[in-house]
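Source file data07.txt; content: compact mmCIF, C-alpha atoms.
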```txt
# COMPACT_ATOMS: atom_id res chain seq x y z
CA MET A 5 14.81 -67.50 -10.72
CA SER A 6 12.86 -69.90 -8.53
CA VAL A 7 10.59 -72.43 -10.07
CA PRO A 8 7.06 -72.35 -8.71
CA ASP A 9 5.97 -75.35 -6.66
CA SER A 10 2.51 -75.69 -8.08
CA PRO A 11 2.09 -77.09 -11.56
CA THR A 12 -0.25 -74.25 -12.52
CA ALA A 13 1.37 -71.14 -13.90
CA PRO A 14 1.53 -68.11 -11.55
CA GLU A 15 -0.42 -64.97 -12.29
CA PRO A 16 2.53 -62.93 -13.58
CA SER A 17 4.05 -65.56 -15.77
CA PRO A 18 7.83 -65.80 -15.88
CA ASP A 19 7.57 -65.64 -19.62
CA GLY A 20 5.74 -62.30 -19.37
CA ALA A 21 8.36 -61.04 -16.94
CA PHE A 22 11.08 -62.01 -19.37
CA LEU A 23 9.28 -60.23 -22.18
CA HIS A 24 8.78 -57.15 -20.05
CA ALA A 25 12.43 -57.04 -19.05
CA THR A 26 13.49 -57.50 -22.65
CA ARG A 27 11.18 -54.73 -23.84
CA LEU A 28 12.49 -52.43 -21.15
CA ALA A 29 16.08 -53.12 -22.12
CA LEU A 30 15.32 -52.70 -25.81
CA GLY A 31 13.41 -49.48 -25.26
CA LEU A 32 16.18 -48.00 -23.14
CA THR A 33 18.78 -48.99 -25.73
CA ASP A 34 16.72 -47.46 -28.51
CA LEU A 35 16.24 -44.24 -26.56
CA ALA A 36 19.95 -44.08 -25.78
CA LEU A 37 20.82 -44.62 -29.43
CA ARG A 38 18.43 -41.92 -30.59
CA THR A 39 19.69 -39.48 -27.97
CA ALA A 40 23.27 -40.18 -28.98
CA ALA A 41 22.39 -39.76 -32.64
CA THR A 42 20.58 -36.47 -32.00
CA THR A 43 23.45 -35.16 -29.91
CA GLY A 44 25.99 -36.28 -32.50
CA GLY A 45 24.09 -34.72 -35.36
CA VAL A 46 23.29 -38.01 -37.13
CA ARG A 47 19.86 -38.20 -38.68
CA LEU A 48 18.23 -41.57 -38.22
CA ARG A 49 15.92 -41.20 -41.18
CA GLU A 50 18.91 -41.11 -43.50
CA ARG A 51 19.59 -44.82 -42.87
CA HIS A 52 19.00 -47.14 -45.76
CA PRO A 53 15.56 -48.79 -45.62
CA THR A 54 17.03 -52.22 -46.21
CA ALA A 55 19.47 -51.83 -43.32
CA ALA A 56 16.64 -50.74 -41.04
CA ALA A 57 14.50 -53.73 -42.09
CA ALA A 58 17.41 -56.11 -41.51
CA SER A 59 18.11 -54.80 -38.03
CA ASP A 60 14.41 -55.02 -37.12
CA ALA A 61 14.28 -58.58 -38.52
CA ALA A 62 17.26 -59.53 -36.39
CA LEU A 63 15.54 -58.08 -33.38
CA GLY A 64 12.35 -60.00 -34.17
CA LEU A 65 14.32 -63.22 -34.56
CA ALA A 66 16.07 -62.70 -31.24
CA LEU A 67 12.75 -62.05 -29.51
CA GLU A 68 11.17 -65.15 -31.01
CA ALA A 69 14.17 -67.26 -29.98
CA GLN A 70 14.01 -65.87 -26.46
CA HIS A 71 10.29 -66.55 -26.25
CA ARG A 72 10.68 -70.18 -27.38
CA LEU A 73 13.64 -70.72 -25.12
CA SER A 74 11.89 -69.39 -22.07
CA SER A 75 8.74 -71.38 -22.90
CA GLY A 76 10.76 -74.59 -23.31
CA LEU A 77 12.67 -74.00 -20.10
CA LEU A 78 9.54 -73.32 -18.15
CA GLY A 79 7.82 -76.42 -19.58
CA ALA A 80 10.78 -78.63 -18.75
CA ALA A 81 10.97 -77.19 -15.23
CA GLU A 82 7.28 -77.79 -14.68
CA ARG A 83 7.58 -81.36 -15.87
CA THR A 84 10.70 -82.21 -13.87
CA ALA A 85 9.86 -80.36 -10.67
CA PRO A 86 7.73 -83.10 -9.00
CA ARG A 87 10.29 -85.77 -9.80
CA THR A 88 13.14 -83.64 -8.58
CA ARG A 89 11.33 -82.99 -5.32
CA ALA A 90 10.61 -86.69 -4.85
CA ALA A 91 14.22 -87.59 -5.53
CA VAL A 92 15.45 -84.95 -3.09
CA ARG A 93 13.05 -86.25 -0.42
CA ALA A 94 14.25 -89.79 -0.91
CA LEU A 95 17.95 -89.02 -0.96
CA VAL A 96 18.33 -86.26 1.61
CA PRO A 97 17.53 -87.05 5.28
CA SER A 98 14.76 -84.99 6.84
CA SER A 99 17.00 -83.51 9.54
CA ALA A 100 19.40 -82.24 6.91
CA ALA A 101 16.47 -80.84 4.96
CA ASP A 102 15.22 -79.04 8.07
CA ALA A 103 18.68 -77.63 8.76
CA VAL A 104 18.91 -76.45 5.19
CA GLY A 105 15.43 -74.97 5.51
CA ARG A 106 16.38 -73.06 8.66
CA ARG A 107 19.55 -71.86 7.05
CA VAL A 108 17.64 -70.76 4.00
CA ALA A 109 15.09 -68.93 6.16
CA HIS A 110 17.87 -67.18 8.07
CA LEU A 111 19.60 -66.16 4.90
CA SER A 112 16.30 -65.10 3.40
CA ALA A 113 15.53 -62.80 6.35
CA ARG A 114 18.99 -61.32 6.21
CA GLY A 115 18.70 -60.86 2.49
CA ALA A 116 15.33 -59.16 2.80
CA ALA A 117 16.68 -56.77 5.42
CA GLU A 118 19.67 -56.03 3.27
CA ARG A 119 17.45 -55.42 0.28
CA LEU A 120 15.35 -52.95 2.27
CA ARG A 121 18.46 -51.15 3.47
CA ALA A 122 19.86 -51.03 -0.03
CA ARG A 123 16.59 -49.67 -1.37
CA ASN A 124 16.56 -46.87 1.20
CA GLU A 125 20.14 -46.02 0.47
CA ALA A 126 19.47 -46.00 -3.23
CA LEU A 127 16.46 -43.74 -2.68
CA SER A 128 18.40 -41.24 -0.63
CA TRP A 129 21.23 -41.33 -3.14
CA ALA A 130 18.77 -40.80 -5.98
CA ARG A 131 17.24 -37.84 -4.16
CA THR A 132 20.63 -36.29 -3.61
CA LEU A 133 21.53 -36.87 -7.23
CA VAL A 134 18.29 -35.33 -8.48
CA GLY A 135 18.75 -32.36 -6.17
CA THR A 136 22.32 -31.81 -7.31
CA LEU A 137 21.38 -32.17 -10.95
CA SER A 138 18.43 -29.80 -10.61
CA ALA A 139 20.61 -27.23 -8.88
CA ALA A 140 23.22 -27.57 -11.59
CA VAL A 141 20.59 -27.20 -14.31
CA LEU A 142 19.11 -24.17 -12.61
CA ASP A 143 22.58 -22.67 -12.31
CA GLU A 144 23.11 -23.14 -16.00
CA ILE A 145 19.79 -21.63 -17.03
CA ASP A 146 19.73 -17.84 -17.25
CA LEU A 147 16.17 -17.21 -16.16
CA ASP A 148 16.49 -13.48 -16.80
CA ALA A 149 17.37 -14.19 -20.41
CA VAL A 150 14.41 -16.53 -20.66
CA ALA A 151 12.16 -13.87 -19.21
CA ASP A 152 13.57 -11.34 -21.65
CA ARG A 153 12.85 -13.62 -24.57
CA LEU A 154 9.34 -14.27 -23.38
CA ASP A 155 6.80 -12.23 -25.31
CA VAL A 156 4.23 -11.57 -22.64
CA ASP A 157 1.87 -9.89 -25.06
CA ARG A 158 1.82 -12.95 -27.27
CA VAL A 159 1.21 -15.21 -24.31
CA ALA A 160 -1.59 -12.95 -23.14
CA ALA A 161 -3.04 -12.84 -26.63
CA ARG A 162 -3.22 -16.62 -26.72
CA ILE A 163 -5.18 -16.78 -23.50
CA ASP A 164 -8.91 -16.77 -24.09
CA ILE A 165 -10.03 -14.89 -21.02
CA ASP A 166 -13.69 -15.19 -21.94
CA ALA A 167 -13.43 -18.96 -22.11
CA VAL A 168 -11.72 -19.01 -18.73
CA LEU A 169 -14.36 -16.75 -17.22
CA ALA A 170 -17.09 -18.81 -18.79
CA ARG A 171 -15.77 -21.85 -16.95
CA VAL A 172 -15.56 -19.98 -13.63
CA ASP A 173 -18.82 -19.29 -11.87
CA LEU A 174 -17.74 -15.93 -10.51
CA VAL A 175 -21.13 -15.02 -9.11
CA THR A 176 -21.35 -18.16 -7.02
CA TYR A 177 -17.82 -17.77 -5.74
CA THR A 178 -18.38 -14.12 -4.91
CA GLU A 179 -21.56 -14.95 -3.07
CA LEU A 180 -19.77 -17.67 -1.14
CA VAL A 181 -16.97 -15.31 -0.15
CA LEU A 182 -19.35 -12.56 0.88
CA GLU A 183 -21.45 -15.05 2.81
CA GLU A 184 -18.35 -16.23 4.62
CA MET A 185 -17.25 -12.70 5.49
CA ASP A 186 -20.74 -11.50 6.44
CA ILE A 187 -19.97 -8.02 5.15
CA GLY A 188 -23.40 -6.79 6.08
CA ARG A 189 -22.90 -7.47 9.77
CA VAL A 190 -19.46 -5.86 9.74
CA VAL A 191 -20.78 -2.74 8.06
CA ARG A 192 -23.77 -2.60 10.38
CA ASP A 193 -21.71 -3.01 13.51
CA THR A 194 -18.87 -0.65 12.68
CA GLY A 195 -21.01 1.89 10.83
CA GLY A 196 -23.62 1.98 13.56
CA SER A 197 -21.25 2.36 16.47
CA ILE A 198 -19.01 4.86 14.68
CA THR A 199 -21.97 6.96 13.60
CA ALA A 200 -23.50 6.90 17.06
CA GLU A 201 -20.25 7.86 18.77
CA THR A 202 -19.45 10.58 16.26
CA LEU A 203 -22.95 11.98 16.56
CA ASP A 204 -22.79 11.96 20.35
CA ALA A 205 -19.44 13.77 20.28
CA PHE A 206 -20.85 16.35 17.88
CA ARG A 207 -23.93 16.88 20.04
CA GLU A 208 -21.76 17.19 23.12
CA GLN A 209 -19.63 19.89 21.51
CA ASN A 210 -22.73 21.82 20.52
CA ALA A 211 -24.14 21.48 24.04
CA ARG A 212 -20.91 22.92 25.43
CA ALA A 213 -21.17 25.80 22.98
CA ASP A 214 -24.75 26.28 24.12
CA ARG A 215 -23.63 26.62 27.74
CA LEU A 216 -20.85 28.99 26.79
CA VAL A 217 -23.26 31.26 24.93
CA GLN A 218 -25.68 31.07 27.83
CA ARG A 219 -22.99 32.07 30.35
CA ILE A 220 -21.94 35.00 28.18
CA ALA A 221 -25.57 36.10 27.91
CA ASP A 222 -26.00 35.79 31.67
CA ARG A 223 -22.94 37.90 32.25
CA LEU A 224 -24.07 40.55 29.79
CA LEU A 225 -27.51 40.65 31.35
CA ARG A 226 -25.93 40.68 34.82
CA ARG A 227 -28.00 37.89 36.21
CA ALA A 228 -27.23 34.67 38.01
CA GLY A 229 -26.84 31.49 35.95
CA THR A 230 -29.95 29.91 34.60
CA ASP A 231 -31.34 26.98 36.50
CA SER A 232 -31.61 24.83 33.38
CA THR A 233 -29.27 22.13 34.64
CA ASP A 234 -31.34 21.60 37.78
CA ARG A 235 -34.60 21.12 36.02
CA PRO A 236 -36.23 17.71 35.95
CA ALA A 237 -35.95 15.76 32.75
CA THR A 238 -39.54 15.60 31.63
CA GLY A 239 -41.36 17.81 34.06
CA PRO A 240 -43.36 20.80 32.98
CA VAL A 241 -41.31 23.81 32.16
CA PRO A 242 -41.88 26.96 34.26
CA GLN A 243 -44.07 29.43 32.51
CA VAL A 244 -42.22 32.48 33.69
CA GLU A 245 -40.24 34.31 31.09
CA ALA A 246 -37.48 36.57 32.27
CA LEU A 247 -37.34 39.31 29.75
CA MET B 10 -28.69 -0.96 17.10
CA THR B 11 -29.20 2.45 18.61
CA ALA B 12 -29.42 1.23 22.16
CA PRO B 13 -26.61 2.78 24.15
CA THR B 14 -23.96 0.20 24.97
CA ARG B 15 -21.98 2.47 27.24
CA PRO B 16 -22.74 5.42 29.47
CA ARG B 17 -23.09 8.02 26.76
CA GLY B 18 -21.76 11.51 27.25
CA LEU B 19 -23.68 14.09 29.20
CA PRO B 20 -26.74 12.05 30.12
CA VAL B 21 -27.66 14.89 32.48
CA LEU B 22 -28.59 16.96 29.46
CA GLN B 23 -31.46 14.73 28.45
CA GLY B 24 -34.76 16.52 28.83
CA LEU B 25 -33.18 19.93 29.36
CA PRO B 26 -33.81 22.88 27.02
CA ALA B 27 -31.43 23.11 24.11
CA GLY B 28 -29.24 26.14 23.50
CA ILE B 29 -28.92 28.43 20.54
CA VAL B 30 -25.97 26.66 18.92
CA SER B 31 -27.58 23.21 18.78
CA ARG B 32 -30.83 24.62 17.49
CA THR B 33 -29.14 26.78 14.87
CA VAL B 34 -27.22 23.79 13.59
CA ALA B 35 -30.45 21.82 13.45
CA ALA B 36 -32.08 24.66 11.52
CA VAL B 37 -29.21 24.73 9.02
CA VAL B 38 -29.58 20.99 8.49
CA ASP B 39 -33.29 21.48 7.93
CA LEU B 40 -32.53 24.16 5.36
CA LEU B 41 -30.26 21.71 3.54
CA VAL B 42 -33.07 19.17 3.63
CA LEU B 43 -35.37 21.80 2.14
CA LEU B 44 -32.91 22.47 -0.66
CA ALA B 45 -32.68 18.74 -1.37
CA LEU B 46 -36.47 18.54 -1.44
CA LEU B 47 -36.68 21.46 -3.86
CA LEU B 48 -34.08 19.87 -6.07
CA CYS B 49 -35.94 16.57 -6.08
CA LEU B 50 -39.14 18.41 -6.88
CA GLU B 51 -37.56 20.21 -9.83
CA LEU B 52 -35.96 17.02 -11.05
CA GLY B 53 -39.23 15.15 -10.82
CA TYR B 54 -41.06 17.94 -12.64
CA ALA B 55 -38.43 17.97 -15.38
CA ALA B 56 -38.58 14.17 -15.70
CA VAL B 57 -42.38 14.17 -16.00
CA ARG B 58 -42.24 16.95 -18.55
CA PHE B 59 -39.62 15.04 -20.52
CA LEU B 60 -41.78 11.93 -20.49
CA LEU B 61 -44.88 13.82 -21.61
CA THR B 62 -43.46 16.26 -24.15
CA GLY B 63 -40.27 14.52 -25.20
CA PRO B 64 -36.75 15.90 -25.54
CA PRO B 65 -34.86 18.06 -24.86
CA PHE B 66 -34.48 17.37 -21.14
CA SER B 67 -34.16 20.65 -19.28
CA PHE B 68 -34.60 21.89 -15.76
CA PRO B 69 -37.47 24.27 -15.16
CA ASP B 70 -36.57 27.92 -14.76
CA PRO B 71 -39.39 29.35 -12.70
CA ASP B 72 -39.77 32.92 -11.57
CA PRO B 73 -37.78 33.70 -8.37
CA VAL B 74 -41.01 34.67 -6.63
CA VAL B 75 -42.50 31.29 -7.43
CA THR B 76 -39.40 29.57 -6.18
CA THR B 77 -39.42 31.57 -2.98
CA VAL B 78 -43.08 30.96 -2.28
CA LEU B 79 -42.71 27.29 -3.09
CA GLY B 80 -39.70 27.07 -0.83
CA TYR B 81 -41.53 28.69 2.06
CA VAL B 82 -44.61 26.55 1.65
CA LEU B 83 -42.51 23.42 1.42
CA PHE B 84 -40.45 24.41 4.46
CA VAL B 85 -43.52 25.16 6.56
CA ALA B 86 -45.16 21.91 5.55
CA TYR B 87 -42.02 19.94 6.26
CA LEU B 88 -41.53 21.51 9.69
CA ALA B 89 -45.16 21.24 10.73
CA VAL B 90 -45.57 17.64 9.65
CA SER B 91 -42.28 16.61 11.27
CA TRP B 92 -43.08 18.29 14.57
CA PHE B 93 -46.59 16.96 14.65
CA LEU B 94 -45.74 13.37 13.68
CA GLY B 95 -42.42 12.73 15.38
CA GLY B 96 -41.71 15.83 17.40
CA ARG B 97 -38.51 16.31 15.47
CA THR B 98 -37.25 17.24 12.04
CA VAL B 99 -34.20 15.75 10.36
CA GLY B 100 -32.02 18.48 11.85
CA ASP B 101 -33.53 17.88 15.29
CA GLN B 102 -32.93 14.19 14.90
CA MET B 103 -29.30 14.78 14.06
CA MET B 104 -28.76 17.09 17.00
CA GLY B 105 -30.82 14.97 19.38
CA LEU B 106 -33.55 17.53 19.95
CA ARG B 107 -37.28 17.17 20.44
CA VAL B 108 -39.94 19.86 20.08
CA THR B 109 -42.84 19.50 22.51
CA GLY B 110 -45.53 21.56 24.13
CA ARG B 111 -44.80 23.05 27.51
CA SER B 112 -46.33 20.06 29.24
CA GLY B 113 -43.83 17.82 27.49
CA ARG B 114 -46.47 16.37 25.19
CA ARG B 115 -46.50 16.39 21.46
CA MET B 116 -47.77 19.56 19.83
CA SER B 117 -51.20 19.80 18.25
CA PRO B 118 -51.37 20.24 14.46
CA GLY B 119 -52.40 23.88 14.77
CA LYS B 120 -49.57 24.73 17.11
CA ALA B 121 -47.10 22.86 14.95
CA LEU B 122 -48.27 24.76 11.87
CA LEU B 123 -48.13 28.13 13.64
CA ARG B 124 -44.65 27.40 14.94
CA ALA B 125 -43.53 26.32 11.48
CA VAL B 126 -44.82 29.53 9.91
CA LEU B 127 -43.10 31.64 12.55
CA CYS B 128 -39.85 29.72 12.18
CA ALA B 129 -39.89 30.12 8.41
CA LEU B 130 -40.77 33.82 8.49
CA VAL B 131 -38.82 34.94 11.56
CA PRO B 132 -35.79 32.71 11.86
CA VAL B 133 -34.00 35.37 13.89
CA GLY B 134 -36.35 34.46 16.70
CA LEU B 135 -33.70 31.93 17.67
CA LEU B 136 -31.63 34.83 19.00
CA TRP B 137 -34.02 35.11 21.91
CA ILE B 138 -32.80 31.81 23.31
CA PRO B 139 -29.81 33.14 25.29
CA VAL B 140 -31.96 35.91 26.68
CA SER B 141 -34.73 33.60 27.82
CA ARG B 142 -34.21 31.90 31.16
CA ARG B 143 -35.78 28.68 29.91
CA GLY B 144 -34.00 28.69 26.57
CA ALA B 145 -37.06 29.65 24.54
CA SER B 146 -36.98 31.28 21.13
CA LEU B 147 -39.57 33.83 20.07
CA GLN B 148 -41.56 31.07 18.40
CA ASP B 149 -41.53 29.07 21.61
CA VAL B 150 -42.77 32.08 23.56
CA VAL B 151 -45.61 32.68 21.13
CA VAL B 152 -46.70 29.07 20.61
CA GLY B 153 -45.86 27.80 24.07
CA SER B 154 -43.45 25.12 22.98
CA THR B 155 -40.06 24.00 24.15
CA VAL B 156 -37.09 22.25 22.59
CA VAL B 157 -35.28 19.75 24.77
CA HIS B 158 -32.32 17.43 24.44
CA ASP B 159 -33.50 13.92 23.68
CA TRP B 160 -30.55 12.08 22.20
CA TYR B 161 -31.79 8.54 22.56
CA GLY B 162 -35.53 8.97 22.31
CA SER B 163 -36.01 7.93 25.91
CA THR B 164 -37.08 11.19 27.48
CA GLY B 165 -39.60 12.31 24.91
CA PRO B 166 -43.33 11.90 25.03
CA ARG B 167 -44.38 8.26 24.85
CA LEU B 168 -47.65 7.76 23.14
CA GLY B 169 -49.63 4.63 23.80
CA GLY B 170 -47.49 3.18 26.53
CA PRO B 171 -43.92 2.00 26.63
CA GLY B 172 -44.00 0.64 23.10
CA GLY B 173 -45.33 3.87 21.73
CA LEU B 174 -43.73 6.64 19.80
CA THR B 175 -40.06 6.94 20.59
CA SER B 176 -38.96 8.25 17.28
CA GLY B 177 -35.29 8.73 16.67
CA GLY B 178 -32.49 8.15 19.04
```
What is this structure when it is put down as structure tokens?
Amino acid sequence: MSVPDSPTAPEPSPDGAFLHATRLALGLTDLALRTAATTGGVRLRERHPTAAAASDAALGLALEAQHRLSSGLLGAAERTAPRTRAAVRALVPSSAADAVGRRVAHLSARGAAERLRARNEALSWARTLVGTLSAAVLDEIDLDAVADRLDVDRVAARIDIDAVLARVDLVTYTELVLEEMDIGRVVRDTGGSITAETLDAFREQNARADRLVQRIADRLLRRAGTDSTDRPATGPVPQVEAL
Amino acid sequence: MTAPTRPRGLPVLQGLPAGIVSRTVAAVVDLLVLLALLLCLELGYAAVRFLLTGPPFSFPDPDPVVTTVLGYVLFVAYLAVSWFLGGRTVGDQMMGLRVTGRSGRRMSPGKALLRAVLCALVPVGLLWIPVSRRGASLQDVVVGSTVVHDWYGSTGPRLGGPGGLTSGG
């Protein structure tokens, strides 16, 4: 733990860091104890109240002692730091101090790089561990059995569909989707072209049947083919009727 | 929407007299339209009667003679109005046909009415089409009309210039 150079306390105070670390350690210990007790079948509530109060009192005492100790240490360090620096400046030659500074900087850079490498390794190891553990847990769990035990009807009964629908603006969403798809244009395009093509094909078939009937009639009447196909499109129709 | 986007089939037919098959199919479609009209008429009559006299709701059961006469009158009116206004009925529209005078112009109201009466009373006049050299039915011979292919409304009579009547197609 390095002592800060400035006499003013840093933003995250060392005392607070101590307290945080202590709380973390205590919390983890407590969780571990409870987990062990639950696994071992021991019920924590069965402890005697006096024993529980005594253990908590001991914990409080230890925390108070740690707090005072850290406060005293920090105060002493703050008070002695300027003098220590002055004494070091007076006793140690500047060249030696520079050499030490360079050495410290070199070591610091190497340490930082090492810390980064270690962090990455720890991360990858943690990922592997989590993956292995998850796979092992999934192997242990019989999902089919879980699904069999699941009462779907009960789950469905607990879902308030109306409330869900009330929160979803279906009309707006539907309009958005339809607007995006432009159903009207699709229907118009496909319907129009399909209808037109089908109708044309139907008319064409009927026109062929017309010609067939006309040829048969011409043959029966023993006359040459009618001149209908040579007639102009919109010109006046000949008035002569061949009876 | 109805503008042809490709060379449609048999463009050479446009403006030529239609044969018996096309015109019979058109007539059948017109008959179906007549039946639909009659049904709508009966339904409307029943609905009005229900509104005025109250329940029960029931379809009218008129005398067959009344139905027949009503059907004929309705058919004649439908044909005459269609031929006079657009030159084509629903059946003609479906089959791409147009009914015109011999000059290619739209028929007058009198001619349209006479042709409608003849068509309704003597539908077998269509059988004259194969016999006629210009594909005319008996009604066409009497009235002086003709029925031509006009699939896209481009060969029919245009009234009032290019932007005029080009019904159907």
Subject >> Residue nearest Arg207 of chain A - candidates B:Ala56, B:Leu83, B:Leu25, B:Met103, atoms counted: only C-alpha atoms >> reply: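 Among the listed residues, the smallest separation from Arg207 of chain A belongs to B:Met103.
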**OP:** Choose the residue, out of B:Gln148, B:Thr155, B:Ser112, B:Ser67, that has the smallest atom-to-atom separation from chain A; count all atoms listed in the file.
**Re:**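 Closest to chain A, using all atoms listed in the file: B:Ser112.
When all atoms listed in the file are used to compute distances to chain A, the closest of the residues B:Thr77, B:Thr62, B:Ser146, B:Ser117 turns out to be B:Ser146.
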Original post:
Do you know which residues are at most 10 Å from Leu47 of chain B counting only C-alpha atoms, after dropping those on the same chain fewer than 4 positions away, and could you put them as a PyMOL selection string?
Top reply: chain B and resi 41-43+51-53+76+79-80+83-84
Subject >> Pick from A:Leu216, A:Ala200, A:Leu67, A:Leu111 nearest to Met104 of chain B, counting all atoms listed in the file >> reply: A:Ala200
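Closest approach to Arg97 of chain B among B:Val126, B:Ile29, B:Ala121, B:Ala45: B:Ala121, based on only C-alpha atoms.
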**OP:** Point out the residue among A:Asp155, A:Gln209, A:Asp60, A:Arg223 with the least atom-to-atom distance to Gly28 of chain B, counting all atoms listed in the file.
**Re:**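 Result for the nearest residue to Gly28 of chain B: A:Gln209.
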Tell me, as a PDB file with C-alpha atoms, in the frame of the given file, which residues lie within 10 Å of Thr33 of chain B, counting all atoms listed in the file; anything in the same chain fewer than 5 positions away does not count.
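Written file, out_14.pdb:
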```pdb
ATOM      1  CA  ASN A 210     -22.730  21.820  20.520  1.00  0.00           C
TER       2      ASN A 210
ATOM      3  CA  GLY B  28     -29.240  26.140  23.500  1.00  0.00           C
ATOM      4  CA  VAL B  38     -29.580  20.990   8.490  1.00  0.00           C
ATOM      5  CA  ASP B  39     -33.290  21.480   7.930  1.00  0.00           C
ATOM      6  CA  GLY B 100     -32.020  18.480  11.850  1.00  0.00           C
ATOM      7  CA  ASP B 101     -33.530  17.880  15.290  1.00  0.00           C
ATOM      8  CA  MET B 104     -28.760  17.090  17.000  1.00  0.00           C
ATOM      9  CA  PRO B 132     -35.790  32.710  11.860  1.00  0.00           C
ATOM     10  CA  VAL B 133     -34.000  35.370  13.890  1.00  0.00           C
ATOM     11  CA  LEU B 135     -33.700  31.930  17.670  1.00  0.00           C
ATOM     12  CA  LEU B 136     -31.630  34.830  19.000  1.00  0.00           C
TER      13      LEU B 136
END
```
Original post:
What gap, in Å, lies between atom CA of Lys120 of chain B and atom CA of Val152 of chain B?
Top reply: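 Spanning atom CA of Lys120 of chain B to atom CA of Val152 of chain B is a straight-line distance of 6.3 Å.
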**OP:** Kindly give the distance, in Å, that separates atom CA of Gly119 of chain B and atom CA of Val157 of chain B, rounded to a single decimal.
**Re:**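 According to the coordinates, atom CA of Gly119 of chain B and atom CA of Val157 of chain B are separated by 20.3 Å.
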Subject >> Pairwise distance for atom CA of Gly105 of chain B and atom CA of Ala125 of chain B, rounded to one decimal in Å >> reply: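 About the pair atom CA of Gly105 of chain B and atom CA of Ala125 of chain B: they are 18.8 Å apart.
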**OP:** Just the residues within 6 Å of Gly153 of chain B, please, counting only C-alpha atoms, with nothing from its chain fewer than 3 positions along; format it as a ChimeraX atom specification.
**Re:** /B:111,149-150
C-alpha atoms of the current selection, written as a PDB file, in the coordinates of the input:
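Listing of again.pdb after writing:
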```
ATOM      1  CA  ARG B 111     -44.800  23.050  27.510  1.00  0.00           C
ATOM      2  CA  ASP B 149     -41.530  29.070  21.610  1.00  0.00           C
ATOM      3  CA  VAL B 150     -42.770  32.080  23.560  1.00  0.00           C
TER       4      VAL B 150
END
```
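Counting all atoms listed in the file, His71 of chain A has the following residues at most 12 Å away, ignoring those fewer than 5 positions along the same chain: Pro18, Asp19, Gly20, Ala21, Phe22, Leu23, His24, Thr26, Gly64, Leu65, Ala66, Gly76, Leu77 and Leu78 of chain A.
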